$ cat query.cif   # mmCIF, C-alpha atoms
data_structure
#
loop_
_atom_site.label_atom_id
_atom_site.label_comp_id
_atom_site.auth_asym_id
_atom_site.auth_seq_id
_atom_site.Cartn_x
_atom_site.Cartn_y
_atom_site.Cartn_z
CA MET A 487 -5.12 -12.56 -19.34
CA LEU A 488 -4.73 -16.32 -19.84
CA PRO A 489 -6.53 -18.43 -22.44
CA ALA A 490 -8.78 -21.35 -21.58
CA ARG A 491 -10.86 -23.72 -23.62
CA VAL A 492 -14.50 -23.22 -24.60
CA ASN A 493 -16.92 -22.82 -21.66
CA ALA A 494 -14.18 -21.80 -19.21
CA ALA A 495 -15.03 -19.05 -16.73
CA TRP A 496 -13.43 -16.59 -14.34
CA LEU A 497 -13.22 -17.35 -10.64
CA VAL A 498 -13.67 -14.20 -8.58
CA ASN A 499 -11.23 -14.09 -5.64
CA GLN A 500 -12.39 -16.67 -3.08
CA SER A 501 -16.07 -15.99 -3.83
CA LEU A 502 -18.36 -18.75 -2.57
CA VAL A 503 -21.34 -17.27 -4.40
CA HIS A 504 -19.46 -17.24 -7.70
CA GLY A 505 -18.27 -20.78 -6.95
CA ALA A 506 -21.89 -21.85 -6.65
CA TRP A 507 -22.66 -20.30 -10.02
CA LEU A 508 -19.68 -22.03 -11.62
CA ALA A 509 -20.80 -25.38 -10.23
CA GLN A 510 -24.32 -24.89 -11.58
CA GLN A 511 -23.10 -23.90 -15.03
CA ALA A 512 -20.76 -26.89 -15.26
CA ALA A 513 -23.47 -29.28 -14.13
CA ARG A 514 -25.97 -27.92 -16.68
CA GLN A 515 -23.43 -28.37 -19.49
CA ARG A 516 -22.53 -31.83 -18.17
CA ASP A 517 -18.93 -30.66 -18.16
CA THR A 518 -16.94 -32.17 -15.33
CA ALA A 519 -13.45 -31.08 -16.39
CA TRP A 520 -13.63 -27.32 -16.57
CA VAL A 521 -10.57 -25.11 -16.68
CA VAL A 522 -11.19 -22.01 -14.60
CA LEU A 523 -9.21 -18.78 -14.68
CA ALA A 524 -8.48 -17.92 -11.05
CA ALA A 525 -7.24 -14.86 -9.17
CA GLY A 526 -3.50 -14.52 -9.48
CA ALA A 527 -3.51 -15.29 -13.24
CA GLN A 528 -3.43 -19.06 -12.85
CA VAL A 529 -5.13 -21.68 -15.00
CA VAL A 530 -6.73 -24.06 -12.53
CA PRO A 531 -8.38 -27.38 -13.43
CA ALA A 532 -11.82 -27.85 -11.94
CA ALA A 533 -14.24 -30.74 -11.57
CA VAL A 534 -17.94 -30.86 -10.68
CA VAL A 535 -19.72 -33.92 -9.32
CA THR A 536 -23.52 -33.99 -8.99
CA LYS A 537 -25.15 -36.18 -6.34
CA GLY A 538 -28.82 -35.52 -5.68
CA ASP A 539 -29.27 -31.86 -4.81
CA THR A 540 -25.56 -31.38 -3.99
CA LEU A 541 -22.90 -30.12 -6.37
CA THR A 542 -19.30 -30.65 -5.31
CA LEU A 543 -16.83 -28.26 -6.95
CA THR A 544 -13.09 -29.01 -6.73
CA LEU A 545 -10.59 -26.32 -7.72
CA ALA A 546 -7.04 -27.64 -7.51
CA ASN A 547 -7.22 -29.37 -4.10
CA LEU A 548 -9.93 -27.20 -2.50
CA THR A 549 -13.45 -28.68 -2.40
CA SER A 550 -16.72 -26.76 -1.90
CA GLU A 551 -20.14 -28.38 -1.53
CA TYR A 552 -23.31 -26.55 -2.66
CA VAL A 553 -26.89 -27.63 -1.98
CA PHE A 554 -29.62 -26.25 -4.26
CA SER A 555 -33.42 -26.34 -4.13
CA ARG A 556 -35.43 -27.84 -7.00
CA ASP A 557 -35.84 -24.38 -8.55
CA GLY A 558 -32.10 -23.84 -8.52
CA GLN A 559 -31.78 -21.59 -5.48
CA LEU A 560 -28.69 -21.96 -3.33
CA GLN A 561 -29.58 -23.30 0.12
CA SER A 562 -26.26 -24.04 1.81
CA VAL A 563 -22.53 -24.17 1.25
CA ALA A 564 -19.71 -26.03 2.97
CA VAL A 565 -15.91 -25.98 2.64
CA PRO A 566 -14.88 -29.00 4.75
CA GLN A 567 -11.13 -28.30 4.56
CA GLN A 568 -11.67 -24.88 6.15
CA GLY A 569 -14.35 -25.94 8.62
CA LEU A 570 -16.77 -23.54 6.92
CA ARG A 571 -20.52 -24.12 6.70
CA GLY A 572 -23.16 -21.60 5.69
CA LEU A 573 -26.95 -21.58 5.37
CA VAL A 574 -28.87 -19.24 3.05
CA VAL A 575 -31.82 -17.70 4.90
CA THR A 576 -34.18 -15.32 3.06
CA GLY A 577 -37.53 -13.58 3.47
CA SER A 578 -39.53 -13.90 6.70
CA ALA A 579 -37.44 -16.89 7.74
CA ALA A 580 -34.50 -14.56 8.19
CA VAL A 581 -36.19 -12.55 10.93
CA GLY A 582 -34.33 -13.09 14.19
CA VAL A 583 -31.81 -15.40 12.59
CA SER A 584 -28.14 -14.58 12.72
CA ALA A 585 -26.34 -15.13 9.44
CA PRO A 586 -23.61 -17.77 9.56
CA VAL A 587 -20.19 -16.20 9.85
CA SER A 588 -16.96 -17.89 8.84
CA VAL A 589 -14.14 -17.88 11.35
CA PRO A 590 -11.64 -15.16 10.34
CA PRO A 591 -7.99 -16.12 10.05
CA SER A 592 -5.86 -15.61 13.13
CA TYR A 593 -2.90 -13.28 12.76
CA ASP A 594 -1.78 -13.75 16.37
CA ALA A 595 1.73 -14.94 17.15
CA PRO A 596 2.17 -18.61 18.12
CA ASP A 597 2.14 -19.15 21.89
CA ASP A 598 5.80 -20.16 21.92
CA ALA A 599 7.02 -17.41 19.60
CA PRO A 600 9.74 -15.02 20.81
CA TYR A 601 7.81 -12.17 19.22
CA LEU A 602 4.51 -10.34 19.71
CA ALA A 603 1.81 -9.66 17.11
CA GLU A 604 0.20 -6.22 17.27
CA HIS A 605 -2.82 -5.50 15.10
CA VAL A 606 -2.41 -2.00 13.66
CA LYS A 607 -4.11 0.59 11.46
CA VAL A 608 -2.13 2.66 8.96
CA ALA A 609 -3.59 5.95 7.75
CA THR A 610 -2.82 6.95 4.16
CA PRO A 611 -2.77 10.39 2.51
CA MET A 612 -5.42 9.07 0.10
CA GLY A 613 -7.95 8.92 2.95
CA HIS A 614 -8.33 5.20 3.48
CA THR A 615 -6.88 3.13 6.32
CA LEU A 616 -4.89 -0.07 5.91
CA ALA A 617 -5.18 -2.87 8.45
CA GLY A 618 -2.27 -5.10 9.29
CA THR A 619 -0.19 -7.02 11.79
CA LEU A 620 3.14 -5.85 13.16
CA THR A 621 5.25 -8.66 14.60
CA ARG A 622 8.09 -7.50 16.87
CA PRO A 623 10.48 -9.25 19.27
CA ARG A 624 9.34 -9.62 22.88
CA HIS A 625 12.69 -8.52 24.26
CA THR A 626 14.67 -5.71 22.66
CA ASN A 627 17.71 -3.58 23.28
CA GLY A 628 16.98 -0.28 21.63
CA LEU A 629 15.12 0.52 18.41
CA LEU A 630 14.12 -2.29 16.08
CA PRO A 631 14.83 -2.82 12.38
CA ALA A 632 11.68 -3.46 10.38
CA VAL A 633 10.37 -4.82 7.09
CA VAL A 634 7.23 -3.98 5.11
CA THR A 635 5.91 -6.79 2.89
CA ILE A 636 4.30 -6.04 -0.50
CA SER A 637 1.97 -8.58 -2.10
CA GLY A 638 1.74 -9.71 -5.71
CA SER A 639 -1.08 -9.22 -8.21
CA GLY A 640 -4.70 -9.70 -7.24
CA PRO A 641 -6.44 -8.74 -3.98
CA GLN A 642 -4.41 -10.25 -1.14
CA GLU A 643 -4.85 -10.38 2.60
CA ARG A 644 -1.80 -9.85 4.81
CA ASP A 645 -0.61 -13.48 4.89
CA VAL A 646 -0.98 -13.94 1.09
CA ALA A 647 -3.16 -17.02 1.52
CA LEU A 648 -4.00 -18.32 -1.96
CA PRO A 649 -7.18 -20.24 -2.82
CA GLY A 650 -6.58 -23.88 -3.59
CA ILE A 651 -3.07 -23.93 -2.07
CA GLU A 652 -3.68 -25.20 1.43
CA GLY A 653 -1.06 -24.18 3.97
CA TYR A 654 0.57 -21.50 1.81
CA ARG A 655 1.18 -18.29 3.80
CA LEU A 656 4.31 -16.68 2.37
CA PHE A 657 4.22 -13.46 4.38
CA ARG A 658 3.33 -15.25 7.60
CA GLN A 659 6.39 -17.46 7.07
CA ILE A 660 8.54 -14.40 6.45
CA ALA A 661 7.20 -12.66 9.57
CA ASP A 662 7.84 -15.74 11.68
CA THR A 663 11.36 -16.24 10.30
CA LEU A 664 12.38 -12.61 10.81
CA GLY A 665 10.58 -12.27 14.15
CA ARG A 666 12.74 -15.05 15.57
CA ILE A 667 15.94 -13.16 14.68
CA GLY A 668 14.94 -9.76 15.99
CA ILE A 669 13.39 -8.03 12.95
CA ALA A 670 9.91 -6.48 13.09
CA VAL A 671 7.60 -7.16 10.12
CA LEU A 672 4.56 -5.16 9.03
CA ARG A 673 2.26 -7.08 6.71
CA LEU A 674 -0.96 -5.46 5.49
CA ASP A 675 -4.25 -6.37 3.86
CA ASP A 676 -4.32 -4.77 0.40
CA ARG A 677 -6.58 -1.75 0.10
CA GLY A 678 -10.21 -2.90 -0.11
CA VAL A 679 -9.30 -6.38 1.17
CA GLY A 680 -9.89 -7.91 4.60
CA GLU A 681 -10.02 -5.15 7.20
CA SER A 682 -8.44 -2.46 4.99
CA GLY A 683 -10.40 0.44 3.56
CA GLY A 684 -10.14 1.89 0.08
CA THR A 685 -11.04 0.39 -3.28
CA PHE A 686 -8.93 -2.31 -4.89
CA SER A 687 -10.62 -2.52 -8.28
CA THR A 688 -9.58 0.96 -9.42
CA ALA A 689 -6.04 0.90 -7.98
CA THR A 690 -2.83 0.60 -10.02
CA SER A 691 0.70 -0.43 -9.07
CA ARG A 692 1.55 3.23 -8.46
CA ASP A 693 -1.38 3.47 -6.04
CA PHE A 694 -0.07 0.43 -4.16
CA ALA A 695 3.33 2.17 -3.99
CA MET A 696 1.64 5.08 -2.22
CA ASP A 697 0.13 2.64 0.29
CA VAL A 698 3.58 1.17 0.96
CA ALA A 699 5.08 4.63 1.42
CA ALA A 700 2.35 5.32 3.99
CA ALA A 701 3.31 2.11 5.82
CA VAL A 702 6.94 3.25 5.96
CA THR A 703 5.84 6.63 7.31
CA TYR A 704 3.80 4.84 9.97
CA LEU A 705 6.79 2.79 11.10
CA ARG A 706 9.05 5.82 11.26
CA ALA A 707 6.57 7.54 13.55
CA ARG A 708 6.69 4.72 16.11
CA ASP A 709 8.94 4.99 19.14
CA ASP A 710 10.14 1.36 18.91
CA ILE A 711 11.30 1.31 15.26
CA ASP A 712 14.54 2.66 13.83
CA GLY A 713 13.42 4.80 10.90
CA ASP A 714 16.77 4.35 9.15
CA ARG A 715 16.62 0.55 9.29
CA ILE A 716 13.47 -0.20 7.30
CA ALA A 717 13.47 -2.48 4.26
CA LEU A 718 10.82 -3.55 1.75
CA VAL A 719 10.14 -7.14 0.69
CA GLY A 720 8.00 -7.44 -2.44
CA HIS A 721 6.78 -10.60 -4.15
CA SER A 722 5.92 -10.71 -7.88
CA GLU A 723 4.06 -7.42 -8.57
CA GLY A 724 5.32 -6.38 -5.15
CA GLY A 725 8.78 -6.62 -6.72
CA LEU A 726 7.64 -3.98 -9.19
CA VAL A 727 6.12 -1.77 -6.49
CA ALA A 728 9.15 -1.77 -4.15
CA PRO A 729 11.48 0.02 -6.61
CA LEU A 730 8.80 2.66 -7.20
CA VAL A 731 8.94 3.44 -3.47
CA ALA A 732 12.72 3.14 -3.18
CA ALA A 733 13.35 5.47 -6.12
CA GLU A 734 11.69 8.23 -4.07
CA ASP A 735 12.99 7.22 -0.62
CA ALA A 736 16.78 6.92 -0.40
CA ARG A 737 16.46 6.57 3.38
CA LEU A 738 15.33 2.95 3.05
CA ALA A 739 17.87 0.38 4.17
CA GLY A 740 17.16 -1.86 1.19
CA ILE A 741 14.61 -3.67 -0.95
CA ALA A 742 14.29 -7.42 -1.53
CA LEU A 743 12.52 -8.45 -4.74
CA LEU A 744 11.12 -11.98 -4.74
CA ALA A 745 10.38 -12.94 -8.37
CA GLY A 746 10.26 -9.30 -9.38
CA PRO A 747 9.42 -8.54 -13.06
CA ALA A 748 11.84 -6.86 -15.46
CA TYR A 749 9.57 -6.77 -18.52
CA THR A 750 6.40 -4.87 -19.31
CA GLY A 751 3.24 -6.60 -18.17
CA GLY A 752 2.24 -6.96 -21.82
CA ARG A 753 5.33 -9.02 -22.55
CA ILE A 754 4.91 -11.13 -19.40
CA ILE A 755 1.25 -11.84 -20.10
CA ALA A 756 1.99 -12.74 -23.72
CA TYR A 757 4.52 -15.31 -22.54
CA GLN A 758 2.03 -16.70 -20.00
CA GLN A 759 -0.66 -16.92 -22.67
CA ARG A 760 1.55 -18.80 -25.13
CA SER A 761 2.80 -21.10 -22.36
CA ALA A 762 -0.74 -21.89 -21.20
CA ILE A 763 -1.88 -22.60 -24.76
CA ALA A 764 1.03 -24.97 -25.30
CA GLN A 765 0.26 -26.85 -22.07
CA MET A 766 -3.47 -27.09 -22.73
CA TYR A 767 -3.26 -27.93 -26.44
CA PRO A 768 0.03 -29.84 -26.91
CA SER A 769 -1.12 -31.48 -30.16
CA ALA A 770 -2.63 -28.38 -31.80
CA PHE A 771 -1.15 -27.01 -35.04
CA ALA A 772 1.01 -23.89 -34.73
CA SER A 773 -1.56 -21.92 -36.72
CA ALA A 774 -4.31 -22.92 -34.26
CA ARG A 775 -2.16 -21.88 -31.31
CA ASP A 776 -1.43 -18.54 -32.96
CA SER A 777 -5.15 -18.00 -33.48
CA MET A 778 -5.84 -18.72 -29.80
CA PHE A 779 -3.06 -16.34 -28.80
CA ARG A 780 -4.44 -13.52 -30.96
CA ALA A 781 -7.89 -14.04 -29.46
CA ALA A 782 -6.45 -13.88 -25.95
CA GLN A 783 -4.59 -10.69 -26.83
CA ARG A 784 -7.78 -9.09 -28.16
CA GLN A 785 -9.55 -9.99 -24.92
CA LEU A 786 -6.70 -8.47 -22.91
CA ASP A 787 -6.80 -5.25 -24.93
CA SER A 788 -10.56 -5.03 -24.47
CA THR A 789 -10.30 -5.60 -20.71
CA ALA A 790 -7.59 -2.94 -20.43
CA GLN A 791 -10.03 -0.31 -21.68
CA SER A 792 -12.04 -0.54 -18.46
CA ASN A 793 -9.46 -1.86 -15.99
CA PRO A 794 -6.94 0.75 -14.75
CA TRP A 795 -4.57 -1.84 -13.27
CA ILE A 796 -4.28 -3.88 -16.46
CA ARG A 797 -3.98 -0.74 -18.60
CA GLU A 798 -0.99 0.47 -16.58
CA PHE A 799 0.54 -2.98 -16.01
CA ILE A 800 0.76 -3.97 -19.67
CA SER A 801 2.62 -0.77 -20.60
CA TYR A 802 4.76 -0.12 -17.50
CA ASP A 803 8.49 -0.78 -17.99
CA PRO A 804 10.30 -1.48 -14.67
CA ILE A 805 13.79 -0.80 -16.07
CA PRO A 806 13.86 3.05 -15.93
CA THR A 807 12.70 2.94 -12.30
CA ALA A 808 15.33 0.33 -11.42
CA ARG A 809 18.04 2.62 -12.77
CA ARG A 810 16.95 5.31 -10.29
CA VAL A 811 17.22 3.12 -7.18
CA ARG A 812 20.28 3.72 -5.00
CA VAL A 813 19.45 1.64 -1.91
CA PRO A 814 20.77 -1.95 -1.52
CA VAL A 815 18.88 -4.53 -3.58
CA LEU A 816 18.41 -8.29 -3.19
CA LEU A 817 16.98 -10.28 -6.10
CA LEU A 818 15.68 -13.76 -5.25
CA HIS A 819 14.27 -15.82 -8.09
CA GLY A 820 13.24 -19.44 -8.54
CA GLU A 821 14.76 -21.17 -11.55
CA GLN A 822 11.46 -23.00 -12.18
CA ASP A 823 9.41 -19.80 -12.23
CA LEU A 824 7.04 -20.01 -15.22
CA GLN A 825 5.10 -16.84 -14.37
CA VAL A 826 7.96 -14.34 -14.10
CA THR A 827 10.81 -16.09 -15.91
CA VAL A 828 14.16 -16.35 -14.16
CA GLU A 829 16.24 -14.41 -16.70
CA GLN A 830 14.32 -11.31 -15.64
CA ALA A 831 16.34 -11.32 -12.41
CA ASP A 832 19.53 -10.94 -14.49
CA THR A 833 17.94 -8.13 -16.50
CA LEU A 834 16.90 -6.31 -13.34
CA ALA A 835 20.32 -6.73 -11.75
CA ALA A 836 21.93 -5.20 -14.83
CA ALA A 837 19.49 -2.28 -14.73
CA PHE A 838 20.13 -1.52 -11.05
CA ARG A 839 23.88 -1.68 -11.62
CA GLY A 840 23.63 0.27 -14.85
CA GLY A 841 22.07 3.14 -12.94
CA GLY A 842 25.06 3.30 -10.61
CA ASN A 843 23.86 1.08 -7.76
CA ARG A 844 26.87 -0.82 -6.42
CA ASP A 845 25.00 -2.88 -3.84
CA VAL A 846 23.00 -5.43 -5.84
CA THR A 847 22.84 -9.11 -4.85
CA LEU A 848 21.30 -11.78 -7.10
CA ARG A 849 20.51 -15.33 -6.04
CA ARG A 850 18.80 -17.90 -8.24
CA LEU A 851 17.20 -20.81 -6.39
CA GLU A 852 17.19 -24.30 -7.90
CA ARG A 853 13.95 -26.34 -8.14
CA THR A 854 11.95 -23.36 -6.90
CA ASN A 855 8.78 -21.95 -8.48
CA HIS A 856 7.12 -18.54 -8.53
CA LEU A 857 5.72 -19.02 -5.02
CA PHE A 858 9.15 -20.11 -3.72
CA GLN A 859 7.94 -23.64 -3.19
CA ARG A 860 10.13 -26.67 -3.91
CA ASP A 861 8.97 -27.62 -7.41
CA ALA A 862 10.61 -29.55 -10.24
CA SER A 863 8.21 -28.32 -12.95
CA GLY A 864 7.02 -24.85 -11.92
CA VAL A 865 3.63 -25.30 -13.62
CA PRO A 866 1.15 -22.98 -11.82
CA SER A 867 -1.71 -25.49 -11.92
CA GLY A 868 0.39 -27.83 -9.80
CA TYR A 869 1.10 -25.44 -6.91
CA GLY A 870 -1.74 -26.81 -4.77
CA SER A 871 -0.77 -30.47 -5.15
CA LEU A 872 2.91 -30.22 -4.19
CA PRO A 873 3.97 -32.44 -1.25
CA ASN A 874 5.13 -29.36 0.67
CA ARG A 875 3.19 -26.23 -0.24
CA GLN A 876 5.11 -23.81 1.99
CA ALA A 877 8.00 -21.59 0.90
CA THR A 878 11.34 -23.36 1.14
CA ALA A 879 13.75 -22.93 4.04
CA GLU A 880 16.43 -22.05 1.48
CA SER A 881 14.38 -19.09 0.21
CA LEU A 882 13.57 -17.81 3.67
CA GLY A 883 17.16 -18.29 4.81
CA ALA A 884 18.58 -16.35 1.86
CA LEU A 885 16.20 -13.48 2.56
CA ALA A 886 16.87 -13.49 6.31
CA ASP A 887 20.66 -13.58 5.90
CA TRP A 888 20.64 -10.56 3.59
CA LEU A 889 18.26 -8.56 5.80
CA VAL A 890 20.26 -9.25 8.97
CA PHE A 891 23.34 -7.82 7.25
CA LYS A 892 21.61 -4.80 5.72
CA LEU A 893 19.54 -3.92 8.79
CA GLN A 894 22.35 -3.99 11.35
CA PRO A 895 22.90 -0.69 13.21
CA ARG A 896 24.80 1.86 11.16
#

$ encode --input "query.cif" --output "structure tokens"
Amino acid sequence: MLPARVNAAWLVNQSLVHGAWLAQQAARQRDTAWVVLAAGAQVVPAAVVTKGDTLTLTLANLTSEYVFSRDGQLQSVAVPQQGLRGLVVTGSAAVGVSAPVSVPPSYDAPDDAPYLAEHVKVATPMGHTLAGTLTRPRHTNGLLPAVVTISGSGPQERDVALPGIEGYRLFRQIADTLGRIGIAVLRLDDRGVGESGGTFSTATSRDFAMDVAAAVTYLRARDDIDGDRIALVGHSEGGLVAPLVAAEDARLAGIALLAGPAYTGGRIIAYQQRSAIAQMYPSAFASARDSMFRAAQRQLDSTAQSNPWIREFISYDPIPTARRVRVPVLLLHGEQDLQVTVEQADTLAAAFRGGGNRDVTLRRLERTNHLFQRDASGVPSGYGSLPNRQATAESLGALADWLVFKLQPR
């Protein structure tokens, strides 16, 4: 989906085994400045340093250390920043030995939080079960308003923790912000991710919309949630999914789209490809850049033949769906967003209003990137090296203010 120079490779989502392979390949080619295509459609610079039998791979600001035997077999792995260490044990040596297990992330509420965190399971009509965390105020007076979060592209766990961007937990920040003002938040592992069942690799945006609809049904069946005061908050692709749900569910109290796309995926990816080529090859002739772009497009078309998500994403136009939505809409968009460009928020707003929706709010945020971090450039490869990698208080405040107003008792 994005071009990279010769010898670049794909990074499978947070895969330590694939990371080991990448480190080996880079070391063999004596290439210590790889550019790796990572989950989430980001071009990430990488570096490999060889010292004895240890290869140290750095992607953005995340470092992994791999130890290999003389015949090239992986023996151990360590991720110091995450406190993770693993040992490869095979054959007879593995008898009676427990495999190292990394410490799973904690989704519990902070000790001093005025809200509780309940770990829940959501059944879907498709047969799989989604795992998630429902945060809700400790003390309530009556039924609670609630929000369902919807993640962006790529397999995401419920907090939306992104590899190489230490400290970034967008949905955890949203849950904490809203939990402190009396709004319950349900955030879920994507299907096939974390503790959720189902298969991610064959799912499309419409499939994810069905998962979200199941989450809304789950909340409405609870005796502590007001079924008429439920809103959706979708980030990036989640901003494409939310209108799909809202177009079929006029009972929703509203949808908030954070960097939601207005163009077809094909148009968005083409822009990202050209932008990445320009950044990586600033001195190349226009004809050379065009050649690289055409090659990237051919690769995308080839991948789409076997990938249902890409096939649907590149052709799906969000505008007709937006025109069918009648529930209140909030559009939040960073002006430094180089993945889903900011003018798309204006296009979406016009589409919602053009369909007859009279409750559409648009807010553009200065010096804010696609992840809603404070960022003067917006370049995706720089997300992990920003001084503050969390979402801005301005972004969270704008979202919270709108939700408080829209989720008040009717």

$ closest_atom_pairs --input "query.cif" --of "region 593-699 of chain A" --to "region 860-874 of chain A" --cutoff "7 Å" --atoms "all atoms listed in the file" --output "JSON lines"
{"residue": "A:Gly650", "atom": "CA", "partner": "A:Gly870", "partner_atom": "CA", "distance": 5.8}
{"residue": "A:Ile651", "atom": "CA", "partner": "A:Gly870", "partner_atom": "CA", "distance": 4.2}
{"residue": "A:Glu652", "atom": "CA", "partner": "A:Gly870", "partner_atom": "CA", "distance": 6.7}

$ resolve_selection --input "query.cif" --expression "the PyMOL selection byres ((chain A and resi 809) around 12)" --output "PyMOL selection string"
chain A and resi 729-730+732-733+748+803-808+810-813+815+833-844+846

$ residues_around --input "query.cif" --residues "Gln758 (chain A)" --least-positions-apart "3" --cutoff "8 Å" --atoms "only C-alpha atoms" --output "JSON, numbers by chain"
{"A": [488, 754, 755, 761, 762, 824, 825]}

$ resolve_selection --input "query.cif" --expression "the PyMOL selection byres ((chain A and resi 667) around 10)" --output "compact mmCIF listing (two decimals) with C-alpha atoms, in the coordinates of the input"
# COMPACT_ATOMS: atom_id res chain seq x y z
CA PRO A 600 9.74 -15.02 20.81
CA TYR A 601 7.81 -12.17 19.22
CA ARG A 622 8.09 -7.50 16.87
CA PRO A 623 10.48 -9.25 19.27
CA ASP A 662 7.84 -15.74 11.68
CA THR A 663 11.36 -16.24 10.30
CA LEU A 664 12.38 -12.61 10.81
CA GLY A 665 10.58 -12.27 14.15
CA ARG A 666 12.74 -15.05 15.57
CA GLY A 668 14.94 -9.76 15.99
CA ILE A 669 13.39 -8.03 12.95
CA ALA A 670 9.91 -6.48 13.09
CA ALA A 886 16.87 -13.49 6.31
CA ASP A 887 20.66 -13.58 5.90
CA VAL A 890 20.26 -9.25 8.97

$ resolve_selection --input "query.cif" --expression "the PyMOL selection byres ((chain A and resi 611) around 9)" --output "PyMOL selection string"
chain A and resi 609-610+612-614+696-697+700

$ atom_distance --input "query.cif" --atom1 "CA of Ala831 (chain A)" --atom2 "CA of Glu723 (chain A)"
13.4 Å

$ closest_residue --input "query.cif" --among "A:Ser637, A:Ser682, A:Thr540, A:Ser691" --to "Leu656 (chain A)" --atoms "all atoms listed in the file"
A:Ser637

$ closest_residue --input "query.cif" --among "A:Ala599, A:Ala632, A:Val828, A:Ile800" --to "Gly751 (chain A)" --atoms "only C-alpha atoms"
A:Ile800

$ atom_distance --input "query.cif" --atom1 "CA of Glu821 (chain A)" --atom2 "CA of Pro747 (chain A)"
13.8 Å

$ atom_distance --input "query.cif" --atom1 "CA of Leu543 (chain A)" --atom2 "CA of Leu648 (chain A)"
17.0 Å

$ closest_residue --input "query.cif" --among "A:Leu718, A:Leu889, A:Leu602, A:Val608" --to "His625 (chain A)" --atoms "only C-alpha atoms"
A:Leu602
